[in-house]
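The structure under discussion appears below in the form of structure tokens.
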Amino acid sequence: MNPAEATTPARASKGTIRVVQLYPRDMNIYGDWGNALVLQRRIAWHGYTPELLEYNVGDDWPEDADILVGGGGQDSGQLIIQDDLQTRAPLLKALAEEGMPMLVICGLYQLFGRFFKTHTGTEIPGIGILDVETRGTDERLIGNVKVATPEFGEVLGYENHSGQTTLGPGVRPLGTVAKGTGNNSSDGHEGARYRNVVASYLHGSLLPKNPAIADFLIRTAAERKFGTFAPGEPDDHFAELARQHAARRPR
Ligand code: GLN
């Protein structure tokens, strides 16, 4: 033990925040796992104890989740998880209605909606937490994206999808694209917001470059669990560098 450790008392944890990753075995592309790692690190920076769990097809449901995160996947990954996801639909819907913070990216964003009809005409039912519909097209929307959002400022990321999503009146968009395509090639919207669910097409992963969204999820989880959120002092140095770098990238 060095002298500094001997004299600096370990700061007591403000409590445990449990993050559950949905289907990381089948739904985790373009670095989406990084979202869970950012939550883990920032929860600790805020003075709480992070716990990171996985839920995959056939697993028992992990009790006491505080934040859910789910990533993107190929159409094939979506087909693999669809039956299991339907068995969990009532639970996930109830949790979303109760206000649990959730982040879903691309493939799981689509399946949190009403349905995803693939470009070959197969309809994969969604779980209807989000009032959105997605249709596969022959056009692939690929590249770097900048989104102006009312809640999180400028959001930066990378999109790669052929499904195009339209929003119904039950959700609001995450923001408006300033570069890139977002939900579809016609209305200029990216992502969806409903209660404490944040849905987005953006990979990269999203949270390392957009700590405002990570802190929204953590703050919401802490307030629900402990009645209050006492923020710490996160080190945003690398997030800021990543943002500057991402903002300079061409489409
Ligand atoms: N398979 C879906 C699409 O291409 C989702 C892709 C993804 O998650 N990146 O629209």
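Identifiers in this document derive from the order of the structure tokens: chains are assigned A, B, ..., residues are numbered from 1 separately in each chain, and ligands are numbered from 1 in order of occurrence.
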Would you kindly return, as a VMD selection string, each protein, DNA or RNA residue with an atom no farther than 7 Å from any atom of range 113-124 of chain A, considering only C-alpha atoms and excluding same-chain residues fewer than 4 positions away?
-> chain A and resid 109 128 to 138
Hey, could you make a per-residue contact list for chain A against ligand 1 with 7 Å as the cut-off, showing the nearest pair of atoms and its distance in Å to one decimal, counting only C-alpha atoms and all ligand atoms, sorted by chain and number, as JSON lines?
{"residue": "A:Ile29", "atom": "CA", "partner": "ligand 1", "partner_atom_place_in_ligand_line": "9 (N)", "distance": 6.8}
{"residue": "A:Gly71", "atom": "CA", "partner": "ligand 1", "partner_atom_place_in_ligand_line": "8 (O)", "distance": 6.9}
{"residue": "A:Gly72", "atom": "CA", "partner": "ligand 1", "partner_atom_place_in_ligand_line": "8 (O)", "distance": 3.3}
{"residue": "A:Gly73", "atom": "CA", "partner": "ligand 1", "partner_atom_place_in_ligand_line": "8 (O)", "distance": 4.0}
{"residue": "A:Gln74", "atom": "CA", "partner": "ligand 1", "partner_atom_place_in_ligand_line": "1 (N)", "distance": 4.1}
{"residue": "A:Asp75", "atom": "CA", "partner": "ligand 1", "partner_atom_place_in_ligand_line": "1 (N)", "distance": 4.0}
{"residue": "A:Ile105", "atom": "CA", "partner": "ligand 1", "partner_atom_place_in_ligand_line": "8 (O)", "distance": 6.8}
{"residue": "A:Cys106", "atom": "CA", "partner": "ligand 1", "partner_atom_place_in_ligand_line": "8 (O)", "distance": 4.1}
{"residue": "A:Gly107", "atom": "CA", "partner": "ligand 1", "partner_atom_place_in_ligand_line": "8 (O)", "distance": 3.6}
{"residue": "A:Gly136", "atom": "CA", "partner": "ligand 1", "partner_atom_place_in_ligand_line": "10 (O)", "distance": 6.1}
{"residue": "A:Glu159", "atom": "CA", "partner": "ligand 1", "partner_atom_place_in_ligand_line": "9 (N)", "distance": 7.0}
{"residue": "A:Asn160", "atom": "CA", "partner": "ligand 1", "partner_atom_place_in_ligand_line": "9 (N)", "distance": 5.1}
{"residue": "A:His161", "atom": "CA", "partner": "ligand 1", "partner_atom_place_in_ligand_line": "4 (O)", "distance": 3.5}
{"residue": "A:Ser162", "atom": "CA", "partner": "ligand 1", "partner_atom_place_in_ligand_line": "10 (O)", "distance": 4.1}
{"residue": "A:Gly163", "atom": "CA", "partner": "ligand 1", "partner_atom_place_in_ligand_line": "10 (O)", "distance": 3.4}
{"residue": "A:Gln164", "atom": "CA", "partner": "ligand 1", "partner_atom_place_in_ligand_line": "10 (O)", "distance": 6.7}
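Closest approach to Ala214 in chain A among A:Arg42, A:Ala246, A:Asp26, A:Thr16: A:Arg42, based on only C-alpha atoms.
For Val57 in chain A, the residues within 12 Å (counting only C-alpha atoms, excluding itself and residues fewer than 6 positions away along the chain) are Gln21, Leu22, Tyr23, Pro24, Arg25, Asp26, Met27, Gly77, Gln78, Leu79, Ile80, Ile81, Gln82, Asp83, Asp84, Leu85, Gln86, Thr87 and Arg88 of chain A.
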Extract, using only C-alpha atoms, all DNA, RNA and protein residues at most 10 Å from Val155 in chain A, discarding same-chain residues fewer than 4 positions from it, and format them as an mmCIF file with N, CA, C and O atoms, in the first residue's frame.
data_model
loop_
_atom_site.group_PDB
_atom_site.id
_atom_site.type_symbol
_atom_site.label_atom_id
_atom_site.label_comp_id
_atom_site.auth_asym_id
_atom_site.auth_seq_id
_atom_site.Cartn_x
_atom_site.Cartn_y
_atom_site.Cartn_z
ATOM 1 N N VAL A 145 -22.860 11.277 -38.600
ATOM 2 C CA VAL A 145 -24.118 12.007 -38.401
ATOM 3 C C VAL A 145 -23.931 13.037 -37.282
ATOM 4 O O VAL A 145 -23.259 12.773 -36.290
ATOM 5 N N LYS A 146 -24.561 14.200 -37.508
ATOM 6 C CA LYS A 146 -24.646 15.237 -36.467
ATOM 7 C C LYS A 146 -26.123 15.533 -36.273
ATOM 8 O O LYS A 146 -26.837 15.757 -37.256
ATOM 9 N N VAL A 147 -26.546 15.568 -35.044
ATOM 10 C CA VAL A 147 -27.966 15.791 -34.757
ATOM 11 C C VAL A 147 -28.116 16.944 -33.766
ATOM 12 O O VAL A 147 -27.433 16.967 -32.739
ATOM 13 N N ALA A 148 -28.991 17.873 -34.068
ATOM 14 C CA ALA A 148 -29.306 18.937 -33.112
ATOM 15 C C ALA A 148 -30.458 18.442 -32.244
ATOM 16 O O ALA A 148 -31.523 18.100 -32.763
ATOM 17 N N THR A 149 -30.215 18.377 -30.926
ATOM 18 C CA THR A 149 -31.278 17.868 -30.046
ATOM 19 C C THR A 149 -31.629 18.918 -28.985
ATOM 20 O O THR A 149 -30.747 19.637 -28.505
ATOM 21 N N GLU A 151 -32.572 18.259 -25.924
ATOM 22 C CA GLU A 151 -32.224 17.813 -24.570
ATOM 23 C C GLU A 151 -30.733 17.634 -24.339
ATOM 24 O O GLU A 151 -30.253 17.803 -23.216
ATOM 25 N N LEU A 174 -35.572 12.308 -31.371
ATOM 26 C CA LEU A 174 -34.435 12.699 -30.532
ATOM 27 C C LEU A 174 -33.917 14.056 -30.986
ATOM 28 O O LEU A 174 -33.535 14.889 -30.180
ATOM 29 N N GLY A 175 -33.893 14.260 -32.301
ATOM 30 C CA GLY A 175 -33.435 15.549 -32.815
ATOM 31 C C GLY A 175 -33.577 15.627 -34.320
ATOM 32 O O GLY A 175 -34.216 14.785 -34.956
ATOM 33 N N THR A 176 -32.934 16.657 -34.855
ATOM 34 C CA THR A 176 -33.008 16.947 -36.287
ATOM 35 C C THR A 176 -31.611 16.820 -36.871
ATOM 36 O O THR A 176 -30.657 17.392 -36.319
ATOM 37 N N VAL A 177 -31.481 16.107 -37.986
ATOM 38 C CA VAL A 177 -30.131 15.881 -38.516
ATOM 39 C C VAL A 177 -29.556 17.155 -39.150
ATOM 40 O O VAL A 177 -30.221 17.847 -39.911
ATOM 41 N N ALA A 178 -28.308 17.425 -38.789
ATOM 42 C CA ALA A 178 -27.578 18.525 -39.414
ATOM 43 C C ALA A 178 -26.589 17.965 -40.443
ATOM 44 O O ALA A 178 -26.129 18.674 -41.331
ATOM 45 N N LEU A 202 -27.654 5.812 -33.968
ATOM 46 C CA LEU A 202 -26.227 6.125 -33.971
ATOM 47 C C LEU A 202 -25.369 5.146 -33.185
ATOM 48 O O LEU A 202 -25.569 4.913 -31.992
ATOM 49 N N LEU A 206 -22.230 5.383 -29.279
ATOM 50 C CA LEU A 206 -22.865 6.686 -29.051
ATOM 51 C C LEU A 206 -22.372 7.383 -27.768
ATOM 52 O O LEU A 206 -22.015 8.559 -27.782
ATOM 53 N N LEU A 207 -22.380 6.664 -26.646
ATOM 54 C CA LEU A 207 -22.174 7.350 -25.359
ATOM 55 C C LEU A 207 -20.775 7.922 -25.131
ATOM 56 O O LEU A 207 -20.659 8.966 -24.479
ATOM 57 N N LYS A 209 -19.027 9.596 -27.028
ATOM 58 C CA LYS A 209 -18.989 10.941 -27.630
ATOM 59 C C LYS A 209 -20.140 11.818 -27.158
ATOM 60 O O LYS A 209 -20.192 12.987 -27.519
ATOM 61 N N ASN A 210 -21.068 11.218 -26.424
ATOM 62 C CA ASN A 210 -22.253 11.985 -26.019
ATOM 63 C C ASN A 210 -22.549 11.745 -24.536
ATOM 64 O O ASN A 210 -23.579 11.162 -24.174
ATOM 65 N N PRO A 211 -21.632 12.236 -23.678
ATOM 66 C CA PRO A 211 -21.806 11.954 -22.247
ATOM 67 C C PRO A 211 -23.084 12.564 -21.669
ATOM 68 O O PRO A 211 -23.564 12.099 -20.620
ATOM 69 N N ALA A 212 -23.655 13.565 -22.337
ATOM 70 C CA ALA A 212 -24.908 14.152 -21.821
ATOM 71 C C ALA A 212 -26.014 13.097 -21.803
ATOM 72 O O ALA A 212 -26.863 13.092 -20.897
ATOM 73 N N ILE A 213 -25.991 12.197 -22.780
ATOM 74 C CA ILE A 213 -27.019 11.145 -22.796
ATOM 75 C C ILE A 213 -26.713 10.121 -21.699
ATOM 76 O O ILE A 213 -27.615 9.666 -20.991
ATOM 77 N N ARG A 243 -15.440 14.052 -29.357
ATOM 78 C CA ARG A 243 -16.468 14.893 -30.003
ATOM 79 C C ARG A 243 -15.833 15.777 -31.077
ATOM 80 O O ARG A 243 -16.360 15.919 -32.179
ATOM 81 N N ALA A 247 -16.786 15.459 -34.947
ATOM 82 C CA ALA A 247 -17.431 16.603 -35.605
ATOM 83 C C ALA A 247 -16.700 16.997 -36.887
ATOM 84 O O ALA A 247 -17.301 17.550 -37.812
#
